[in-house]
Amino acid sequence: MRNYSKFPSQDIQDELETIAKSLLTPGKGILASDESVASIGKHFAKINVENNEENRLRYRHLLYSADPSISEYISGVILFHDTVYQKSECVPLIQLLKDRNIIPGIKVDKGLVPLFGTDGEFSTQGLDKLAERCEEYKQYGLHFAKWRCALKIGATTPSQQAIADVANILARYAVVCQASRLVPIVEPEVLADGKHDLCRAQKVLEVVNAAVFEALNRHGVFLEGCLLKTNMATPGRDFPRKATPEQVACATVTALLRTVPPALAGIVFLSGGQSEEEATVNLNAINKVQGRTPWTMTFSYGRALQASVLDAWKGNDNNIACAQQILLKRAMANGLASVGQYQSDSTIIDGQMSGKALFVEDHNY
């Protein structure tokens, strides 16, 4: 069958590629602070902070007003819709990021919903009026977007129906974003729930990524202006033996080399419920795998950058400086890991939450 589709115009390609390269600056990664109102409420409940607009604003201000040196390790921040329009002391929150040369981005999906006809699998909603929202975000000064889909490994899952649904939704989203000059981050997360071993995790990662990139190609997505956000290949949380960082790295990189085109701008990893330290150590091991990989591989962490920060803050303004210092240290550790230079016995990290598992069953936000 003949295909008459074409890539975006050259000026759009140039802009998308420039943004993507900035997000993937060596030694830097992305802070995912795109928790919904309900999701951030779960984090606040753990530190006995009421989930209201004022406290959400106070916490996001804490993150975005950290010492400007954080820009040495953070290239971009993913925002939740409400945060885009919030101000603190008459200063827009996104201006705090711009003042630190950090690129603001936005989560544009509207969450998971049941996928009819499957064994408890999900689809992701939010394609309706996406083009209008992307145009508005671009005009407001945002330059990239993220869309999360989720799959889970079970006896009969992920199904072909769920994989096809994920691939097609991500491709449609990516095209809409690029038309509005937003760099799309496509996130087909394979959840860590389950009893599967590392071999099964790797194989599913390969099957899912192959389907996603086939769909991106079919829809004419400009890969040099697109990022993949993916989970690392790890055994399921209920599997009796944990994999070593070297085993996780080998399985993850092998799966990516088999399925991800070299033209892709780069890859950012999600933490998938790993502890802060575990996510950092595994990222470091991935970047130390022998042999050439064609992409930058860095982080896009939410819980793995914020758990110790929240625990230090506890809603008390007197703790802001301490919490911001922990954020800076956590960002520095992952910046080093993104170039394979992190030492697991480093004195960089002192947060009490750094070794605590952050896994949430059937994670949805």
# chains A, B, ... in the order shown; residues from 1 in each chain; ligands from 1

$ residues_around --residues "segment 196-212 of chain A" --least-positions-apart "5" --cutoff "9 Å" --atoms "only C-alpha atoms" --output "PDB file with N, CA and C atoms, in the first residue's frame"
ATOM      1  N   LEU A 151       0.284  -0.604  30.874  1.00  0.00           N
ATOM      2  CA  LEU A 151       0.012  -2.011  30.597  1.00  0.00           C
ATOM      3  C   LEU A 151       0.502  -2.828  31.788  1.00  0.00           C
ATOM      4  N   ILE A 153       1.548  -6.881  33.295  1.00  0.00           N
ATOM      5  CA  ILE A 153       1.933  -8.239  32.934  1.00  0.00           C
ATOM      6  C   ILE A 153       1.189  -9.225  33.839  1.00  0.00           C
ATOM      7  N   GLY A 154       0.477 -10.146  33.214  1.00  0.00           N
ATOM      8  CA  GLY A 154      -0.242 -11.184  33.940  1.00  0.00           C
ATOM      9  C   GLY A 154      -0.262 -12.454  33.117  1.00  0.00           C
ATOM     10  N   PRO A 158       0.065  -8.362  28.847  1.00  0.00           N
ATOM     11  CA  PRO A 158      -0.810  -7.476  28.092  1.00  0.00           C
ATOM     12  C   PRO A 158      -1.376  -8.143  26.846  1.00  0.00           C
ATOM     13  N   ILE A 163      -2.229  -3.594  23.739  1.00  0.00           N
ATOM     14  CA  ILE A 163      -0.993  -3.092  23.131  1.00  0.00           C
ATOM     15  C   ILE A 163      -1.308  -2.228  21.914  1.00  0.00           C
ATOM     16  N   ALA A 164      -2.237  -2.694  21.065  1.00  0.00           N
ATOM     17  CA  ALA A 164      -2.616  -1.921  19.875  1.00  0.00           C
ATOM     18  C   ALA A 164      -3.254  -0.598  20.269  1.00  0.00           C
ATOM     19  N   VAL A 166      -2.728   1.160  23.061  1.00  0.00           N
ATOM     20  CA  VAL A 166      -1.665   2.022  23.556  1.00  0.00           C
ATOM     21  C   VAL A 166      -0.860   2.625  22.402  1.00  0.00           C
ATOM     22  N   ALA A 167      -0.463   1.791  21.457  1.00  0.00           N
ATOM     23  CA  ALA A 167       0.376   2.246  20.351  1.00  0.00           C
ATOM     24  C   ALA A 167      -0.334   3.303  19.519  1.00  0.00           C
ATOM     25  N   ASN A 168      -1.584   3.065  19.190  1.00  0.00           N
ATOM     26  CA  ASN A 168      -2.314   4.002  18.335  1.00  0.00           C
ATOM     27  C   ASN A 168      -2.628   5.314  19.050  1.00  0.00           C
ATOM     28  N   LEU A 170      -0.870   6.689  21.517  1.00  0.00           N
ATOM     29  CA  LEU A 170       0.377   7.445  21.646  1.00  0.00           C
ATOM     30  C   LEU A 170       0.783   8.087  20.323  1.00  0.00           C
ATOM     31  N   ALA A 171       0.569   7.376  19.214  1.00  0.00           N
ATOM     32  CA  ALA A 171       0.925   7.926  17.907  1.00  0.00           C
ATOM     33  C   ALA A 171       0.032   9.117  17.549  1.00  0.00           C
ATOM     34  N   VAL A 186       6.356  10.082  24.663  1.00  0.00           N
ATOM     35  CA  VAL A 186       5.419   8.957  24.638  1.00  0.00           C
ATOM     36  C   VAL A 186       5.801   7.991  25.761  1.00  0.00           C
ATOM     37  N   PRO A 188       4.681   4.466  27.236  1.00  0.00           N
ATOM     38  CA  PRO A 188       3.949   3.195  27.342  1.00  0.00           C
ATOM     39  C   PRO A 188       4.460   2.405  28.542  1.00  0.00           C
ATOM     40  N   GLU A 189       4.023   2.767  29.733  1.00  0.00           N
ATOM     41  CA  GLU A 189       4.572   2.147  30.945  1.00  0.00           C
ATOM     42  C   GLU A 189       4.053   0.726  31.118  1.00  0.00           C
ATOM     43  N   VAL A 190       4.969  -0.203  31.333  1.00  0.00           N
ATOM     44  CA  VAL A 190       4.608  -1.561  31.734  1.00  0.00           C
ATOM     45  C   VAL A 190       4.753  -1.610  33.251  1.00  0.00           C
ATOM     46  N   ASN A 217       5.706   5.412  13.311  1.00  0.00           N
ATOM     47  CA  ASN A 217       6.135   5.479  11.919  1.00  0.00           C
ATOM     48  C   ASN A 217       4.942   5.591  10.979  1.00  0.00           C
ATOM     49  N   THR A 230      10.048   5.346  29.344  1.00  0.00           N
ATOM     50  CA  THR A 230       9.800   3.923  29.523  1.00  0.00           C
ATOM     51  C   THR A 230      10.241   3.459  30.900  1.00  0.00           C
ATOM     52  N   ASN A 231       9.671   2.338  31.294  1.00  0.00           N
ATOM     53  CA  ASN A 231      10.126   1.677  32.521  1.00  0.00           C
ATOM     54  C   ASN A 231      11.401   0.892  32.241  1.00  0.00           C
ATOM     55  N   MET A 232      12.159   0.631  33.282  1.00  0.00           N
ATOM     56  CA  MET A 232      13.280  -0.301  33.171  1.00  0.00           C
ATOM     57  C   MET A 232      12.725  -1.724  33.223  1.00  0.00           C
ATOM     58  N   ALA A 233      13.440  -2.664  32.645  1.00  0.00           N
ATOM     59  CA  ALA A 233      13.043  -4.071  32.729  1.00  0.00           C
ATOM     60  C   ALA A 233      13.439  -4.602  34.101  1.00  0.00           C
ATOM     61  N   THR A 234      12.447  -4.881  34.921  1.00  0.00           N
ATOM     62  CA  THR A 234      12.692  -5.413  36.266  1.00  0.00           C
ATOM     63  C   THR A 234      11.714  -6.550  36.534  1.00  0.00           C
ATOM     64  N   PRO A 235      12.063  -7.491  37.395  1.00  0.00           N
ATOM     65  CA  PRO A 235      11.094  -8.524  37.783  1.00  0.00           C
ATOM     66  C   PRO A 235       9.883  -7.889  38.455  1.00  0.00           C
ATOM     67  N   GLY A 236       8.739  -8.585  38.406  1.00  0.00           N
ATOM     68  CA  GLY A 236       7.550  -8.085  39.076  1.00  0.00           C
ATOM     69  C   GLY A 236       7.769  -7.953  40.574  1.00  0.00           C
ATOM     70  N   ARG A 237       7.000  -7.080  41.198  1.00  0.00           N
ATOM     71  CA  ARG A 237       7.177  -6.810  42.624  1.00  0.00           C
ATOM     72  C   ARG A 237       6.946  -8.044  43.489  1.00  0.00           C
ATOM     73  N   ASP A 238       6.177  -9.009  42.997  1.00  0.00           N
ATOM     74  CA  ASP A 238       5.899 -10.216  43.765  1.00  0.00           C
ATOM     75  C   ASP A 238       6.816 -11.379  43.387  1.00  0.00           C
ATOM     76  N   PHE A 239       7.775 -11.135  42.502  1.00  0.00           N
ATOM     77  CA  PHE A 239       8.750 -12.179  42.180  1.00  0.00           C
ATOM     78  C   PHE A 239       9.714 -12.314  43.358  1.00  0.00           C
ATOM     79  N   PRO A 240      10.091 -13.547  43.734  1.00  0.00           N
ATOM     80  CA  PRO A 240      10.858 -13.729  44.975  1.00  0.00           C
ATOM     81  C   PRO A 240      12.282 -13.196  44.961  1.00  0.00           C
ATOM     82  N   ARG A 241      12.878 -12.971  43.782  1.00  0.00           N
ATOM     83  CA  ARG A 241      14.276 -12.517  43.748  1.00  0.00           C
ATOM     84  C   ARG A 241      14.392 -11.201  42.993  1.00  0.00           C
ATOM     85  N   LYS A 242      15.102 -10.254  43.594  1.00  0.00           N
ATOM     86  CA  LYS A 242      15.373  -8.982  42.924  1.00  0.00           C
ATOM     87  C   LYS A 242      16.532  -9.168  41.954  1.00  0.00           C
ATOM     88  N   ALA A 243      16.492  -8.419  40.880  1.00  0.00           N
ATOM     89  CA  ALA A 243      17.600  -8.430  39.927  1.00  0.00           C
ATOM     90  C   ALA A 243      18.659  -7.434  40.374  1.00  0.00           C
ATOM     91  N   GLN A 247      21.962  -6.687  35.967  1.00  0.00           N
ATOM     92  CA  GLN A 247      20.975  -7.485  35.253  1.00  0.00           C
ATOM     93  C   GLN A 247      19.852  -6.610  34.693  1.00  0.00           C
ATOM     94  N   VAL A 248      19.403  -5.666  35.508  1.00  0.00           N
ATOM     95  CA  VAL A 248      18.375  -4.722  35.036  1.00  0.00           C
ATOM     96  C   VAL A 248      18.891  -3.938  33.832  1.00  0.00           C
ATOM     97  N   ALA A 251      19.164  -6.221  30.585  1.00  0.00           N
ATOM     98  CA  ALA A 251      17.847  -6.536  30.020  1.00  0.00           C
ATOM     99  C   ALA A 251      17.204  -5.305  29.394  1.00  0.00           C
ATOM    100  N   THR A 252      17.325  -4.177  30.063  1.00  0.00           N
ATOM    101  CA  THR A 252      16.706  -2.944  29.570  1.00  0.00           C
ATOM    102  C   THR A 252      17.352  -2.476  28.274  1.00  0.00           C
ATOM    103  N   THR A 254      19.191  -4.168  26.155  1.00  0.00           N
ATOM    104  CA  THR A 254      18.960  -5.147  25.086  1.00  0.00           C
ATOM    105  C   THR A 254      17.584  -4.944  24.475  1.00  0.00           C
ATOM    106  N   ALA A 255      16.561  -4.792  25.313  1.00  0.00           N
ATOM    107  CA  ALA A 255      15.206  -4.582  24.810  1.00  0.00           C
ATOM    108  C   ALA A 255      15.115  -3.316  23.958  1.00  0.00           C
ATOM    109  N   LEU A 256      15.775  -2.258  24.398  1.00  0.00           N
ATOM    110  CA  LEU A 256      15.727  -0.995  23.653  1.00  0.00           C
ATOM    111  C   LEU A 256      16.472  -1.103  22.325  1.00  0.00           C
ATOM    112  N   ARG A 258      16.829  -3.615  20.502  1.00  0.00           N
ATOM    113  CA  ARG A 258      16.084  -4.463  19.577  1.00  0.00           C
ATOM    114  C   ARG A 258      14.857  -3.787  18.975  1.00  0.00           C
ATOM    115  N   THR A 259      14.394  -2.699  19.586  1.00  0.00           N
ATOM    116  CA  THR A 259      13.088  -2.173  19.188  1.00  0.00           C
ATOM    117  C   THR A 259      13.016  -0.669  18.946  1.00  0.00           C
ATOM    118  N   VAL A 260      13.958   0.114  19.453  1.00  0.00           N
ATOM    119  CA  VAL A 260      13.860   1.576  19.358  1.00  0.00           C
ATOM    120  C   VAL A 260      14.774   2.086  18.247  1.00  0.00           C
TER     121      VAL A 260
END

$ closest_residue --among "A:Leu93, A:Ala331, A:Cys322, A:Gln160" --to "Ala304 of chain A" --atoms "only C-alpha atoms"
A:Ala331

$ closest_residue --among "A:Glu246, A:Asp128, A:Glu224, A:Glu214" --to "Pro8 of chain A" --atoms "only C-alpha atoms"
A:Glu224

$ residues_around --residues "Ser33 of chain A" --least-positions-apart "2" --cutoff "8 Å" --atoms "only C-alpha atoms" --output "MDAnalysis selection string"
chainID A and resid 31 35 60 77:80 302

$ closest_residue --among "A:Ala66, A:Ile30, A:Gln125, A:Ser9" --to "Phe299 of chain A" --atoms "only C-alpha atoms"
A:Ile30

$ select_by_dssp --residues "segment 33-226 of chain A" --states "helix (DSSP H, G or I)" --output "VMD selection string"
chain A and resid 37 to 46 53 to 64 68 to 72 81 to 84 93 to 99 130 to 139 160 to 179 198 to 218 223 to 225

$ closest_atom_pairs --of "segment 158-232 of chain A" --to "segment 101-108 of chain A" --cutoff "10 Å" --atoms "only C-alpha atoms" --output "Markdown table"
| residue | atom | partner | partner_atom | distance |
| --- | --- | --- | --- | --- |
| A:Tyr173 | CA | A:Val108 | CA | 9.0 |
| A:Cys177 | CA | A:Val108 | CA | 9.6 |
| A:Leu182 | CA | A:Gly105 | CA | 8.6 |
| A:Val183 | CA | A:Gly105 | CA | 8.9 |
| A:Pro184 | CA | A:Gly105 | CA | 9.5 |
| A:Ile185 | CA | A:Lys107 | CA | 9.3 |

$ residues_around --residues "Pro68 of chain A" --least-positions-apart "5" --cutoff "10 Å" --atoms "only C-alpha atoms" --output "list of chain:residue names"
A:Leu96, A:Leu97, A:Asp99, A:Arg100, A:Asn101, A:Ile102, A:Leu328

$ closest_residue --among "A:Gly120, A:Asp34, A:Leu327, A:Arg292" --to "Gln306 of chain A" --atoms "only C-alpha atoms"
A:Leu327

$ select_by_dssp --residues "segment 17-151 of chain A" --states "strand (DSSP E)" --output "PyMOL selection string"
chain A and resi 29-33+74-79+87-88+91-92+103-107+112-114+122-124+144-151

$ write_last_selection --atoms "N, CA and C atoms" --output "JSON list (two decimals), in the first residue's frame"
[["chain", "number", "residue", "atom", "x", "y", "z"],
["A", 29, "GLY", "N", 18.20, 15.74, 33.49],
["A", 29, "GLY", "CA", 16.99, 14.96, 33.29],
["A", 29, "GLY", "C", 15.77, 15.80, 33.59],
["A", 30, "ILE", "N", 14.63, 15.13, 33.74],
["A", 30, "ILE", "CA", 13.34, 15.81, 33.86],
["A", 30, "ILE", "C", 12.71, 15.50, 35.21],
["A", 31, "LEU", "N", 12.18, 16.54, 35.86],
["A", 31, "LEU", "CA", 11.39, 16.39, 37.08],
["A", 31, "LEU", "C", 9.93, 16.27, 36.69],
["A", 32, "ALA", "N", 9.29, 15.16, 37.03],
["A", 32, "ALA", "CA", 7.87, 14.96, 36.75],
["A", 32, "ALA", "C", 7.07, 15.39, 37.98],
["A", 33, "SER", "N", 6.47, 16.58, 37.90],
["A", 33, "SER", "CA", 5.66, 17.09, 39.01],
["A", 33, "SER", "C", 4.22, 17.27, 38.52],
["A", 74, "ILE", "N", 18.64, 19.49, 36.09],
["A", 74, "ILE", "CA", 17.25, 19.39, 35.63],
["A", 74, "ILE", "C", 17.09, 20.25, 34.38],
["A", 75, "SER", "N", 16.69, 19.61, 33.29],
["A", 75, "SER", "CA", 16.50, 20.33, 32.03],
["A", 75, "SER", "C", 15.06, 20.74, 31.79],
["A", 76, "GLY", "N", 14.12, 19.97, 32.35],
["A", 76, "GLY", "CA", 12.72, 20.24, 32.12],
["A", 76, "GLY", "C", 11.87, 19.78, 33.29],
["A", 77, "VAL", "N", 10.67, 20.35, 33.40],
["A", 77, "VAL", "CA", 9.72, 19.97, 34.44],
["A", 77, "VAL", "C", 8.37, 19.74, 33.80],
["A", 78, "ILE", "N", 7.74, 18.61, 34.13],
["A", 78, "ILE", "CA", 6.40, 18.32, 33.64],
["A", 78, "ILE", "C", 5.39, 18.84, 34.66],
["A", 79, "LEU", "N", 4.47, 19.68, 34.20],
["A", 79, "LEU", "CA", 3.48, 20.31, 35.06],
["A", 79, "LEU", "C", 2.13, 19.62, 34.92],
["A", 87, "LYS", "N", 0.08, 31.31, 40.37],
["A", 87, "LYS", "CA", 1.07, 32.32, 40.69],
["A", 87, "LYS", "C", 1.38, 32.26, 42.19],
["A", 88, "SER", "N", 2.61, 32.59, 42.53],
["A", 88, "SER", "CA", 3.00, 32.71, 43.92],
["A", 88, "SER", "C", 3.62, 34.09, 44.11],
["A", 91, "VAL", "N", 4.00, 36.00, 40.94],
["A", 91, "VAL", "CA", 4.92, 35.48, 39.93],
["A", 91, "VAL", "C", 4.40, 34.13, 39.44],
["A", 92, "PRO", "N", 4.15, 33.96, 38.13],
["A", 92, "PRO", "CA", 3.71, 32.65, 37.62],
["A", 92, "PRO", "C", 4.73, 31.57, 37.96],
["A", 103, "ILE", "N", 13.07, 24.05, 31.05],
["A", 103, "ILE", "CA", 11.98, 24.05, 30.07],
["A", 103, "ILE", "C", 10.70, 23.52, 30.70],
["A", 104, "PRO", "N", 9.61, 24.29, 30.67],
["A", 104, "PRO", "CA", 8.35, 23.78, 31.20],
["A", 104, "PRO", "C", 7.62, 22.91, 30.18],
["A", 105, "GLY", "N", 7.04, 21.83, 30.68],
["A", 105, "GLY", "CA", 6.23, 20.93, 29.85],
["A", 105, "GLY", "C", 4.93, 20.62, 30.56],
["A", 106, "ILE", "N", 4.11, 19.78, 29.96],
["A", 106, "ILE", "CA", 2.76, 19.56, 30.48],
["A", 106, "ILE", "C", 2.29, 18.13, 30.23],
["A", 107, "LYS", "N", 1.61, 17.56, 31.21],
["A", 107, "LYS", "CA", 0.92, 16.28, 31.03],
["A", 107, "LYS", "C", -0.41, 16.55, 30.37],
["A", 112, "LEU", "N", -6.26, 7.08, 33.18],
["A", 112, "LEU", "CA", -6.61, 5.74, 32.72],
["A", 112, "LEU", "C", -8.09, 5.45, 32.95],
["A", 113, "VAL", "N", -8.66, 4.69, 32.00],
["A", 113, "VAL", "CA", -10.03, 4.21, 32.12],
["A", 113, "VAL", "C", -10.03, 2.74, 31.72],
["A", 114, "PRO", "N", -11.01, 1.93, 32.18],
["A", 114, "PRO", "CA", -11.04, 0.52, 31.80],
["A", 114, "PRO", "C", -11.17, 0.35, 30.30],
["A", 122, "PHE", "N", -6.26, -1.21, 30.63],
["A", 122, "PHE", "CA", -6.62, 0.20, 30.60],
["A", 122, "PHE", "C", -6.45, 0.81, 29.21],
["A", 123, "SER", "N", -7.22, 1.87, 29.00],
["A", 123, "SER", "CA", -6.97, 2.81, 27.91],
["A", 123, "SER", "C", -6.72, 4.16, 28.56],
["A", 124, "THR", "N", -6.26, 5.13, 27.77],
["A", 124, "THR", "CA", -6.00, 6.47, 28.30],
["A", 124, "THR", "C", -6.86, 7.48, 27.56],
["A", 144, "PHE", "N", 7.06, 21.15, 25.67],
["A", 144, "PHE", "CA", 6.96, 19.72, 25.46],
["A", 144, "PHE", "C", 5.76, 19.18, 26.23],
["A", 145, "ALA", "N", 5.36, 17.96, 25.90],
["A", 145, "ALA", "CA", 4.19, 17.36, 26.53],
["A", 145, "ALA", "C", 4.47, 15.90, 26.83],
["A", 146, "LYS", "N", 3.65, 15.34, 27.71],
["A", 146, "LYS", "CA", 3.79, 13.92, 28.06],
["A", 146, "LYS", "C", 2.43, 13.27, 28.09],
["A", 147, "TRP", "N", 2.38, 12.03, 27.61],
["A", 147, "TRP", "CA", 1.14, 11.23, 27.65],
["A", 147, "TRP", "C", 1.50, 9.85, 28.14],
["A", 148, "ARG", "N", 0.82, 9.42, 29.20],
["A", 148, "ARG", "CA", 1.09, 8.11, 29.81],
["A", 148, "ARG", "C", 0.01, 7.11, 29.48],
["A", 149, "CYS", "N", 0.42, 5.95, 29.00],
["A", 149, "CYS", "CA", -0.43, 4.78, 28.91],
["A", 149, "CYS", "C", 0.14, 3.72, 29.85],
["A", 150, "ALA", "N", -0.65, 2.74, 30.24],
["A", 150, "ALA", "CA", -0.17, 1.73, 31.18],
["A", 150, "ALA", "C", -0.63, 0.34, 30.76],
["A", 151, "LEU", "N", 0.28, -0.60, 30.87],
["A", 151, "LEU", "CA", 0.01, -2.01, 30.60],
["A", 151, "LEU", "C", 0.50, -2.83, 31.79]]

$ residues_around --residues "Leu24 of chain A" --least-positions-apart "2" --cutoff "9 Å" --atoms "only C-alpha atoms" --output "list in words"
Ile19, Ala20, Lys21, Ser22, Pro26, Gly27, Lys28, Gly29, Ile30, Ser75, Ala265, Gly266, Ile267, Val268, Thr296, Met297 and Thr298 of chain A
